[in-house]
Structures are given as structure tokens and as C-alpha cells.
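A.B. asks: Next comes final36.csv, CSV, C-alpha atoms and all ligand atoms:
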chain,number,residue,atom,x,y,z
A,1,MET,CA,77.6,55.1,96.8
A,2,SER,CA,75.8,58.5,96.4
A,3,ASP,CA,75.4,59.6,92.8
A,4,ALA,CA,76.5,63.2,93.3
A,5,GLY,CA,80.2,64.0,93.6
A,6,PRO,CA,81.8,66.5,96.0
A,7,SER,CA,81.6,70.2,94.9
A,8,ALA,CA,84.2,71.1,92.3
A,9,PRO,CA,87.0,73.6,92.8
A,10,ALA,CA,86.9,76.6,90.5
A,11,GLY,CA,88.1,75.8,87.0
A,12,ALA,CA,87.7,72.1,87.4
A,13,SER,CA,85.3,71.8,84.6
A,14,VAL,CA,85.0,69.0,82.2
A,15,PHE,CA,83.1,69.0,78.9
A,16,VAL,CA,82.2,65.5,77.7
A,17,LEU,CA,80.8,64.6,74.3
A,18,GLY,CA,79.9,61.1,73.5
A,19,SER,CA,77.4,58.3,73.5
A,20,VAL,CA,74.5,57.5,75.8
A,21,ASN,CA,73.2,53.9,75.8
A,22,ARG,CA,70.8,51.7,77.6
A,23,ASP,CA,72.8,48.6,78.5
A,24,PHE,CA,71.0,45.2,78.4
A,25,VAL,CA,73.2,42.9,80.3
A,26,LEU,CA,73.0,39.1,80.1
A,27,LYS,CA,74.9,37.3,83.0
A,28,VAL,CA,75.8,33.9,81.5
A,29,ALA,CA,77.8,30.9,82.6
A,30,ARG,CA,79.4,30.9,79.2
A,31,ARG,CA,78.7,32.5,75.8
A,32,PRO,CA,77.0,30.4,73.1
A,33,GLY,CA,78.9,29.4,70.0
A,34,PRO,CA,77.5,30.1,66.5
A,35,GLY,CA,74.1,28.4,66.1
A,36,GLU,CA,74.0,27.4,69.8
A,37,THR,CA,71.4,28.4,72.4
A,38,VAL,CA,72.2,28.8,76.1
A,39,THR,CA,69.2,29.2,78.4
A,40,ASP,CA,70.6,30.0,81.8
A,41,ALA,CA,71.1,33.8,81.4
A,42,THR,CA,69.7,36.5,83.7
A,43,LEU,CA,68.9,39.9,82.3
A,44,GLU,CA,69.8,43.2,83.9
A,45,ARG,CA,69.3,46.7,82.6
A,46,HIS,CA,71.9,49.4,83.4
A,47,ASN,CA,72.6,52.9,82.2
A,48,GLY,CA,75.6,53.1,79.9
A,49,GLY,CA,77.3,54.6,76.9
A,50,LYS,CA,80.9,55.6,77.0
A,51,GLY,CA,80.2,59.3,77.0
A,52,ALA,CA,77.6,59.1,79.7
A,53,ASN,CA,79.7,56.8,81.8
A,54,GLN,CA,82.7,59.1,81.6
A,55,ALA,CA,80.7,62.1,82.4
A,56,VAL,CA,79.3,60.4,85.6
A,57,ALA,CA,82.8,59.3,86.6
A,58,ALA,CA,84.2,62.8,86.2
A,59,ALA,CA,81.3,64.2,88.3
A,60,ARG,CA,81.9,61.6,91.0
A,61,ALA,CA,85.6,62.6,91.1
A,62,GLY,CA,84.5,66.2,91.9
A,63,ALA,CA,84.5,68.0,88.5
A,64,SER,CA,81.7,70.3,87.3
A,65,VAL,CA,80.6,68.4,84.1
A,66,ALA,CA,78.5,69.1,81.1
A,67,LEU,CA,77.5,66.3,78.6
A,68,LEU,CA,76.8,66.8,74.9
A,69,ALA,CA,75.1,63.8,73.4
A,70,CYS,CA,72.1,62.6,71.4
A,71,VAL,CA,69.3,60.3,72.2
A,72,GLY,CA,66.0,59.4,70.4
A,73,GLU,CA,62.6,60.5,71.6
A,74,ASP,CA,61.9,57.1,73.2
A,75,ALA,CA,61.8,55.4,76.5
A,76,ILE,CA,65.2,53.7,75.9
A,77,GLY,CA,67.1,57.0,76.1
A,78,GLU,CA,65.1,58.5,79.0
A,79,GLU,CA,66.5,56.8,82.0
A,80,PRO,CA,70.2,56.9,80.9
A,81,VAL,CA,70.0,60.7,80.5
A,82,ARG,CA,68.1,61.1,83.7
A,83,SER,CA,70.7,59.1,85.6
A,84,VAL,CA,73.5,61.2,84.3
A,85,GLY,CA,71.6,64.3,85.5
A,86,ARG,CA,71.1,62.7,89.0
A,87,ALA,CA,74.9,62.3,89.2
A,88,GLY,CA,75.2,66.1,89.0
A,89,VAL,CA,76.1,66.4,85.3
A,90,ASP,CA,74.5,69.2,83.3
A,91,VAL,CA,72.4,67.4,80.7
A,92,SER,CA,70.8,70.5,79.2
A,93,LEU,CA,72.9,70.1,76.0
A,94,VAL,CA,71.6,66.6,75.3
A,95,LYS,CA,69.9,66.6,71.9
A,96,ARG,CA,66.7,64.6,71.2
A,97,VAL,CA,65.9,63.5,67.7
A,98,SER,CA,62.7,62.0,66.5
A,99,GLY,CA,62.5,58.9,64.3
A,100,VAL,CA,65.6,57.2,65.6
A,101,THR,CA,66.1,54.7,68.4
A,102,SER,CA,68.3,55.7,71.3
A,103,GLY,CA,71.6,53.9,71.6
A,104,ALA,CA,71.5,50.4,73.1
A,105,ALA,CA,74.3,48.0,74.1
A,106,PHE,CA,73.9,44.2,74.4
A,107,ILE,CA,76.4,42.9,76.8
A,108,THR,CA,77.2,39.4,78.0
A,109,VAL,CA,79.1,39.1,81.3
A,110,THR,CA,80.7,35.7,82.3
A,111,PRO,CA,81.5,34.7,85.9
A,112,ASP,CA,85.1,35.9,85.7
A,113,GLY,CA,83.6,39.4,85.2
A,114,GLU,CA,84.7,39.6,81.5
A,115,ASN,CA,82.3,41.4,79.1
A,116,ALA,CA,81.5,41.2,75.4
A,117,ILE,CA,79.6,44.1,73.9
A,118,THR,CA,77.5,44.7,70.8
A,119,VAL,CA,76.3,48.3,70.3
A,120,ALA,CA,73.4,49.5,68.3
A,121,PRO,CA,74.4,53.2,68.2
A,122,GLY,CA,71.1,54.6,66.9
A,123,ALA,CA,70.8,58.3,67.9
A,124,ASN,CA,74.5,58.4,68.8
A,125,ARG,CA,75.2,58.6,65.0
A,126,HIS,CA,73.2,61.9,65.0
A,127,LEU,CA,75.7,64.0,66.9
A,128,PHE,CA,77.2,66.2,64.2
A,129,PRO,CA,80.0,68.8,64.0
A,130,GLU,CA,77.4,71.5,63.9
A,131,ASP,CA,76.2,70.4,67.3
A,132,VAL,CA,79.7,71.0,68.6
A,133,ASP,CA,79.8,74.4,66.9
A,134,ALA,CA,76.4,75.3,68.5
A,135,VAL,CA,77.9,74.9,72.0
A,136,ARG,CA,81.3,76.3,71.2
A,137,GLU,CA,81.3,78.7,74.1
A,138,ARG,CA,80.5,76.1,76.7
A,139,LEU,CA,83.2,73.8,75.3
A,140,SER,CA,85.7,76.7,75.3
A,141,ASP,CA,85.0,77.5,79.0
A,142,ALA,CA,86.0,74.0,80.1
A,143,GLY,CA,89.5,73.1,81.3
A,144,VAL,CA,89.3,69.6,79.9
A,145,VAL,CA,87.3,68.3,76.9
A,146,VAL,CA,86.7,64.5,76.7
A,147,ALA,CA,85.6,62.4,73.8
A,148,GLN,CA,85.4,58.7,72.7
A,149,MET,CA,84.6,57.1,69.4
A,150,GLU,CA,81.0,55.9,69.7
A,151,ILE,CA,79.9,59.1,67.9
A,152,PRO,CA,80.8,60.2,64.4
A,153,PRO,CA,84.6,60.7,64.1
A,154,GLU,CA,84.2,64.0,62.4
A,155,THR,CA,82.3,65.3,65.4
A,156,VAL,CA,85.1,64.2,67.7
A,157,ALA,CA,87.6,65.9,65.3
A,158,ARG,CA,85.6,69.1,65.5
A,159,ALA,CA,85.7,69.0,69.3
A,160,GLY,CA,89.4,68.3,69.4
A,161,LEU,CA,90.1,71.3,67.1
A,162,LEU,CA,87.9,73.7,69.2
A,163,ALA,CA,89.4,72.4,72.4
A,164,ARG,CA,92.9,73.1,71.1
A,165,GLU,CA,91.9,76.5,69.8
A,166,SER,CA,90.5,77.5,73.2
A,167,GLY,CA,93.4,76.1,75.2
A,168,ALA,CA,91.5,73.3,76.8
A,169,ARG,CA,93.1,69.9,77.3
A,170,PHE,CA,91.6,67.3,74.9
A,171,VAL,CA,91.4,63.8,76.5
A,172,LEU,CA,90.6,61.3,73.7
A,173,ASN,CA,89.6,57.8,74.5
A,174,PHE,CA,90.1,56.1,71.1
A,175,ALA,CA,87.5,53.4,71.9
A,176,PRO,CA,86.2,51.6,70.0
A,177,PRO,CA,88.9,52.1,67.4
A,178,ARG,CA,87.6,53.7,64.2
A,179,PRO,CA,89.8,53.2,61.2
A,180,GLU,CA,88.1,56.1,59.3
A,181,ALA,CA,88.9,58.6,62.0
A,182,PRO,CA,91.1,61.5,60.8
A,183,ARG,CA,94.6,61.3,62.2
A,184,SER,CA,94.2,64.9,63.4
A,185,VAL,CA,91.9,63.5,66.1
A,186,VAL,CA,94.8,61.5,67.6
A,187,ARG,CA,97.2,64.4,67.2
A,188,ALA,CA,95.0,66.8,69.2
A,189,ALA,CA,94.9,64.4,72.2
A,190,ASP,CA,96.6,65.1,75.5
A,191,PRO,CA,96.4,62.4,76.6
A,192,LEU,CA,95.3,59.7,74.1
A,193,VAL,CA,93.8,57.0,76.3
A,194,VAL,CA,93.7,53.4,74.9
A,195,ASN,CA,93.7,49.8,76.1
A,196,GLU,CA,96.3,47.3,74.8
A,197,HIS,CA,94.2,46.3,71.7
A,198,GLU,CA,93.5,49.9,70.7
A,199,ALA,CA,97.2,50.7,71.2
A,200,ALA,CA,98.1,47.8,68.9
A,201,PHE,CA,95.5,48.9,66.3
A,202,LEU,CA,97.0,52.5,66.3
A,203,LEU,CA,100.5,51.2,66.1
A,204,GLY,CA,99.8,49.0,63.1
A,205,GLY,CA,98.0,45.8,63.8
A,206,ASP,CA,100.6,43.0,63.7
A,207,ARG,CA,102.5,44.2,66.8
A,208,PRO,CA,100.6,43.0,69.9
A,209,VAL,CA,100.8,45.1,73.0
A,210,ARG,CA,100.8,42.8,76.1
A,211,GLY,CA,101.7,43.7,79.7
A,212,ALA,CA,103.3,46.7,81.4
A,213,ARG,CA,106.8,46.4,79.9
A,214,ASP,CA,105.5,46.2,76.4
A,215,ALA,CA,103.0,48.9,77.0
A,216,LEU,CA,105.6,51.4,78.3
A,217,GLY,CA,107.4,51.1,74.9
A,218,ALA,CA,104.1,51.3,73.1
A,219,ALA,CA,103.0,54.4,75.0
A,220,ARG,CA,106.2,56.2,73.9
A,221,ASP,CA,105.7,55.0,70.3
A,222,LEU,CA,102.1,56.4,70.4
A,223,LEU,CA,103.6,59.8,70.9
A,224,GLY,CA,105.0,59.4,67.4
A,225,LEU,CA,101.4,59.7,66.1
A,226,GLY,CA,101.3,63.3,67.4
A,227,PRO,CA,99.5,63.4,70.8
A,228,ASN,CA,101.4,65.2,73.6
A,229,SER,CA,100.8,62.3,75.9
A,230,ALA,CA,99.5,58.8,75.9
A,231,VAL,CA,98.0,56.4,78.5
A,232,ILE,CA,97.5,52.7,78.0
A,233,THR,CA,95.2,50.9,80.4
A,234,LEU,CA,96.2,47.3,81.4
A,235,GLY,CA,93.2,46.0,83.4
A,236,PRO,CA,94.5,44.3,86.5
A,237,GLU,CA,98.0,45.5,85.8
A,238,GLY,CA,97.0,49.2,86.1
A,239,ALA,CA,98.2,51.7,83.4
A,240,VAL,CA,101.2,53.2,81.9
A,241,PHE,CA,101.8,56.7,80.6
A,242,ALA,CA,104.2,58.6,78.4
A,243,GLU,CA,104.4,62.4,78.1
A,244,ALA,CA,106.4,64.7,75.9
A,245,ARG,CA,108.2,67.3,77.9
A,246,GLY,CA,110.3,70.4,77.1
A,247,SER,CA,109.5,73.2,74.7
A,248,ASN,CA,109.6,71.0,71.6
A,249,GLY,CA,108.8,67.7,73.2
A,250,SER,CA,112.5,66.8,73.3
A,251,SER,CA,112.3,64.6,76.4
A,252,VAL,CA,109.7,62.0,77.4
A,253,ALA,CA,108.6,61.1,80.9
A,254,SER,CA,106.9,57.7,81.4
A,255,GLY,CA,105.8,55.4,84.2
A,256,HIS,CA,103.7,52.4,85.3
A,257,LEU,CA,101.0,52.8,87.9
A,258,PRO,CA,100.0,49.3,89.1
A,259,ALA,CA,96.5,48.5,90.2
A,260,PRO,CA,95.5,47.2,93.7
A,261,PRO,CA,94.4,43.5,93.6
A,262,VAL,CA,90.6,43.2,93.4
A,263,GLU,CA,88.0,40.5,92.9
A,264,PRO,CA,86.3,41.4,89.5
A,265,VAL,CA,82.5,41.1,89.3
A,266,ASP,CA,81.9,43.1,86.1
A,267,THR,CA,84.6,44.8,84.0
A,268,THR,CA,82.1,46.7,81.8
A,269,GLY,CA,82.8,50.4,81.9
A,270,ALA,CA,86.0,50.2,84.0
A,271,GLY,CA,87.8,52.1,81.2
A,272,ASP,CA,85.1,54.8,81.3
A,273,THR,CA,85.5,55.2,85.1
A,274,PHE,CA,89.3,55.5,84.4
A,275,VAL,CA,88.9,58.2,81.7
A,276,GLY,CA,86.3,60.3,83.6
A,277,THR,CA,88.4,60.2,86.8
A,278,LEU,CA,91.5,61.1,84.9
A,279,ALA,CA,89.8,64.0,83.3
A,280,ALA,CA,88.5,65.4,86.6
A,281,HIS,CA,92.0,65.2,88.2
A,282,LEU,CA,93.6,66.9,85.2
A,283,ALA,CA,91.0,69.6,85.3
A,284,ARG,CA,92.0,70.3,88.9
A,285,GLY,CA,95.6,70.7,87.8
A,286,ALA,CA,97.0,67.3,88.7
A,287,SER,CA,100.0,66.0,86.8
A,288,LEU,CA,99.4,63.3,84.3
A,289,GLU,CA,101.1,60.8,86.7
A,290,GLU,CA,98.9,61.8,89.6
A,291,ALA,CA,95.8,61.7,87.5
A,292,VAL,CA,96.6,58.2,86.1
A,293,GLU,CA,97.2,57.0,89.7
A,294,ALA,CA,93.8,58.2,90.8
A,295,ALA,CA,92.2,56.8,87.7
A,296,VAL,CA,93.7,53.3,88.2
A,297,ARG,CA,92.3,53.3,91.7
A,298,ALA,CA,88.8,54.3,90.6
A,299,GLY,CA,88.8,51.8,87.6
A,300,SER,CA,89.9,49.0,90.0
A,301,GLU,CA,87.0,49.7,92.4
A,302,ALA,CA,84.6,49.9,89.5
A,303,VAL,CA,85.1,46.3,88.5
A,304,THR,CA,84.0,45.1,91.9
A,305,ARG,CA,80.5,46.4,91.2
A,306,GLU,CA,77.8,45.5,88.6
A,307,GLY,CA,77.1,47.7,85.6
A,308,ALA,CA,79.1,50.1,83.5
A,309,ARG,CA,79.0,52.9,86.1
A,310,GLY,CA,80.3,50.6,88.9
A,401,LIG,O1,82.5,51.1,78.0
A,401,LIG,C1,81.3,50.4,78.3
A,401,LIG,C2,80.1,51.0,77.5
A,401,LIG,O2,80.3,50.7,76.2
A,401,LIG,C3,78.8,50.4,77.9
A,401,LIG,O3,78.1,51.1,78.9
A,401,LIG,C4,78.1,50.3,76.6
A,401,LIG,O4,77.0,51.1,76.5
A,401,LIG,C5,79.1,50.7,75.5
A,401,LIG,O5,78.9,52.0,75.1
Show me, as C-alpha cells, the structure contained in the file I just sent.
C.D. replies:
Amino acid sequence: MSDAGPSAPAGASVFVLGSVNRDFVLKVARRPGPGETVTDATLERHNGGKGANQAVAAARAGASVALLACVGEDAIGEEPVRSVGRAGVDVSLVKRVSGVTSGAAFITVTPDGENAITVAPGANRHLFPEDVDAVRERLSDAGVVVAQMEIPPETVARAGLLARESGARFVLNFAPPRPEAPRSVVRAADPLVVNEHEAAFLLGGDRPVRGARDALGAARDLLGLGPNSAVITLGPEGAVFAEARGSNGSSVASGHLPAPPVEPVDTTGAGDTFVGTLAAHLARGASLEEAVEAAVRAGSEAVTREGARG
């Protein structure tokens, strides 16, 4: 696949803020238990970080994309940023800070394609609300602003506020879930995008969300937290959405978009491909249902390829 996406129609611009990581991926037959050593792993290095992955996915889906992020002045951060630039994303807003290590993720992938991720956020922790203020005009020009939770929650909150003020659509991927995030972040989202675990977390822990039927109810319940719309991704089952309609949100439209059957190789970053694709389609004026349908297709394809950017 070529890195650069097709040229974007006017107005289809997406502003992403979020993490940039170098992904160190161990392919293992099985993960070791506590105190155990397994010695059959193979090491791969990929470019990652939820923010960077989502920016690349949006560009591949045809949007004009800018990325606001932070890396250290080290070799770890160099290639991930360069690769985002090669995908056609404007990386001129990426901040470099000295004295901190760039973000890194340590990922094990088992033969069924499932991943387990430990992140050392490093420089991603240094993206502050003031950095968002400094690029306020660029953010306000975008039709869609996208954020996730691998950067400080207050920075995400600032972006959500500015996006709403400027009339941009704020797509929030609440991943990983951050208990300390102000609830205003979730309220600003349109849509809030979560997986089943994140949905359960937001809805109050002891209620699990499993499968499409359950998730349809959960997506409607998530609207009770204030976002105008909510999407729950379901891996091989696709995704569901719920959207408040009418002048005061008096009615709710919802639906389930199933995924095509695929043979998973690596599920890492499939959610990021989903979010970036969704954002690009919303920026082009697609309905939420159309955007979710396209995102489900792109996310399913991504799991058939190695690495977080599929
Ligand atoms: O969502 C997948 C991403 O999460 C990986 O690329 C890793 O860097 C972590 O940020």
C-alpha cells in the first residue's frame, strides 16, 4: 500500500492531537507468566502511538491532516514522526523537547493476532494545554478535531473546548481510559469512540459490555454522559453507534455495522485505523452511519497486516 492518501476535497481537514510512539513488538507463541521466561520471541520495530496512527489513517482515507504531538530529541522519536510525514500528514506542529525520552510501546502479539501493550509515554506527557492554544488557528480551521488519552487529559480537554468553540466536530477516542479526565472531555465528543472495555469503564465498571446487542444499549446509555453521539467498536463484530437527533436531542438513531470476516494477523492499532478513517469521512460530510461503515471496513483490513498502521 502506498503511504500517501488520495487528495482531499476542500474542507475535509482533520486536526489530530495525540501520542507518537516507537513500537517494539515481540511475536510470541504465548506470554510468560510472572517470574517465567520465554525465549522464542522475535522482535519487530514499528511506528506507532495512537495519535500518529490515527493521523496516518485519516490521511490514507483522503483527508488533509495536521498532527500536534510531542517527541524527545532522540533517535526513538525520529522515525515515527518521519513516517507520519511520509503519509502526507503535516508534522510541522510536532514539538521536540530535550531531556526526555520519546514515547515507546512494548507490545506482545500472540499467534491469534491478539496484542498486549505497555506504554512508556515519555515526551507524550509534555504536550500541554498551552501547546493547543499556540496553534488555536490551525485547530479552528479544521472540520474535525481528533484526540485520544495517551497525552495529558487537560490537553485533550482544551482541544475539545476549542473545537466546540470553533464549530469543529470533536472526535474523542477515550483510549486508554483515564479516570482523572474531566467529564467535560466526554461531553464535548461527537462522537465518543470506545471499545467494549472502555464503554464499561465509562458506564460504571460492574456492568460488562459484550457483543452487539449489549453494545447498542450501552451506546445509547453513553449519550447520557453528554456526548452528541457514541460509537462502540466490537473487533470482529464491527461497531455500533448511537446519535442524538432533533433540536434538543429528543430522539436517538442507532445501528450496528457488522465487519467482514477476516483472518487476523495483528490487531494492534485496528482501533486507530477505525478512528482515523471515521474522522476523514466525517470531515467530508458523511453521516455517522456512513463513516462508521467505512471505518469498520478499514479496521478489518488493518488486522490482516503487521504493525499498528496495518
Ligand atoms: O493503539 C495502538 C497503539 O497504542 C500502538 O501503536 C502503541 O504505540 C500504543 O500507543
A.B. asks: May I have the protein, DNA and RNA residues with any atom at most 12 Å from the point (96.7, 54.4, 89.6), counting only C-alpha atoms, written as a PyMOL selection string?
C.D. replies: chain A and resi 231-241+255-261+274-275+277-278+281+288-301
A.B. asks: Would you mind reading off the distance between atom CA of A:Val156 and atom CA of A:Leu67, one decimal, in Å?
C.D. replies: 13.5 Å
A.B. asks: Grab me every residue within 8 Å of ligand LIG 401 (chain A), counting all atoms listed in the file, and send it over as a list in words.
C.D. replies: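 My answer, listing the contacting residues, is Ser19, Val20, Asn21, Arg22, Asp23, His46, Asn47, Gly48, Gly49, Lys50, Gly51, Asn53, Gly103, Ala104, Ala105, Phe106, Ile107, Ile117, Thr118, Val119, Glu150, Thr268, Gly269, Ala270, Gly271, Asp272, Gly307, Ala308 and Arg309 of chain A.
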A.B. asks: Taking into account only C-alpha atoms, which residue in the set A:Val194, A:Val144, A:Ala157, A:Leu127 is nearest to A:Ala66?
C.D. replies: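 Among the listed residues, the smallest separation from A:Ala66 belongs to A:Val144.
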A.B. asks: In terms of the shortest atom-to-atom distance over all atoms listed in the file, which of A:Leu216, A:Thr273, A:Gln148, A:Ser102 is closest to A:Arg60?
C.D. replies: A:Thr273
A.B. asks: With distances taken over only C-alpha atoms, which residue among A:Ser254, A:Ala61, A:Arg136, A:Val91 lies nearest A:Ala12?
C.D. replies: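 Of A:Ser254, A:Ala61, A:Arg136, A:Val91, the one nearest A:Ala12, counting only C-alpha atoms, is A:Ala61.
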A.B. asks: Could you please determine the separation between atom CA of A:Glu306 and atom CA of A:Val84 in Å, to one decimal place?
C.D. replies: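 These two atoms are separated by 16.8 Å.
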A.B. asks: Just to confirm, what's the straight-line distance from atom CA of A:Arg207 to atom CA of A:Arg220 in Å (one decimal)?
C.D. replies: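 Atom CA of A:Arg220 lies at a distance of 14.4 Å from atom CA of A:Arg207.
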A.B. asks: Would you list the contacts of stretch 28-37 of chain A as a ChimeraX atom specification, taking every protein, DNA or RNA residue within 9 Å and counting all atoms listed in the file, but skipping same-chain residues closer than 5 positions in sequence?
C.D. replies: /A:42,108-111
A.B. asks: Which polymer residues, protein or nucleic acid, are no farther than 9 Å from (85.9, 73.2, 80.9), counting only C-alpha atoms, as a list in words?
C.D. replies: Gly11, Ala12, Ser13, Val14, Phe15, Ser64, Val65, Ala66, Arg138, Leu139, Ser140, Asp141, Ala142, Gly143, Val144, Val145, Ala168, Arg169 and Ala283 of chain A
A.B. asks: Go ahead and write the residues just picked, C-alpha atoms, as a PDB file, keeping the file's coordinate frame.
C.D. replies:
ATOM      1  CA  GLY A  11      88.100  75.800  87.000  1.00  0.00           C
ATOM      2  CA  ALA A  12      87.700  72.100  87.400  1.00  0.00           C
ATOM      3  CA  SER A  13      85.300  71.800  84.600  1.00  0.00           C
ATOM      4  CA  VAL A  14      85.000  69.000  82.200  1.00  0.00           C
ATOM      5  CA  PHE A  15      83.100  69.000  78.900  1.00  0.00           C
ATOM      6  CA  SER A  64      81.700  70.300  87.300  1.00  0.00           C
ATOM      7  CA  VAL A  65      80.600  68.400  84.100  1.00  0.00           C
ATOM      8  CA  ALA A  66      78.500  69.100  81.100  1.00  0.00           C
ATOM      9  CA  ARG A 138      80.500  76.100  76.700  1.00  0.00           C
ATOM     10  CA  LEU A 139      83.200  73.800  75.300  1.00  0.00           C
ATOM     11  CA  SER A 140      85.700  76.700  75.300  1.00  0.00           C
ATOM     12  CA  ASP A 141      85.000  77.500  79.000  1.00  0.00           C
ATOM     13  CA  ALA A 142      86.000  74.000  80.100  1.00  0.00           C
ATOM     14  CA  GLY A 143      89.500  73.100  81.300  1.00  0.00           C
ATOM     15  CA  VAL A 144      89.300  69.600  79.900  1.00  0.00           C
ATOM     16  CA  VAL A 145      87.300  68.300  76.900  1.00  0.00           C
ATOM     17  CA  ALA A 168      91.500  73.300  76.800  1.00  0.00           C
ATOM     18  CA  ARG A 169      93.100  69.900  77.300  1.00  0.00           C
ATOM     19  CA  ALA A 283      91.000  69.600  85.300  1.00  0.00           C
TER      20      ALA A 283
END
A.B. asks: Could you check which of A:His197, A:Thr267, A:Gly224, A:Phe174 is closest to A:Gly211, using only C-alpha atoms?
C.D. replies: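 The closest residue to A:Gly211 is A:His197.
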A.B. asks: Taking only C-alpha atoms into account, name the residue in A:Ser184, A:Ser166, A:Asn115, A:Asn124 that is nearest to A:Leu68.
C.D. replies: A:Asn124
A.B. asks: Set the distance at 6 Å and use all atoms listed in the file: which residues neighbour A:Val71 once local chain neighbours fewer than 6 positions away are removed? I'd like the list as a ChimeraX atom specification.
C.D. replies: /A:77,96,102,123
A.B. asks: Could you check which of A:Pro191, A:Pro176, A:Pro129, A:Gly122 is closest to A:Ala159, using only C-alpha atoms?
C.D. replies: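 That would be A:Pro129, the residue with the smallest distance to A:Ala159.
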A.B. asks: Need the shell around A:Glu243: protein/DNA/RNA residues with any atom at most 7 Å away, counting only C-alpha atoms. Skip same-chain ones fewer than 5 positions apart. Format as an MDAnalysis selection string?
C.D. replies: chainID A and resid 228:230 252:254
A.B. asks: Residues near A:Lys95, anyone? I mean within 7 Å using only C-alpha atoms, not counting same-chain ones fewer than 2 positions away, as a VMD selection string.
C.D. replies: chain A and resid 69 to 71 93 97
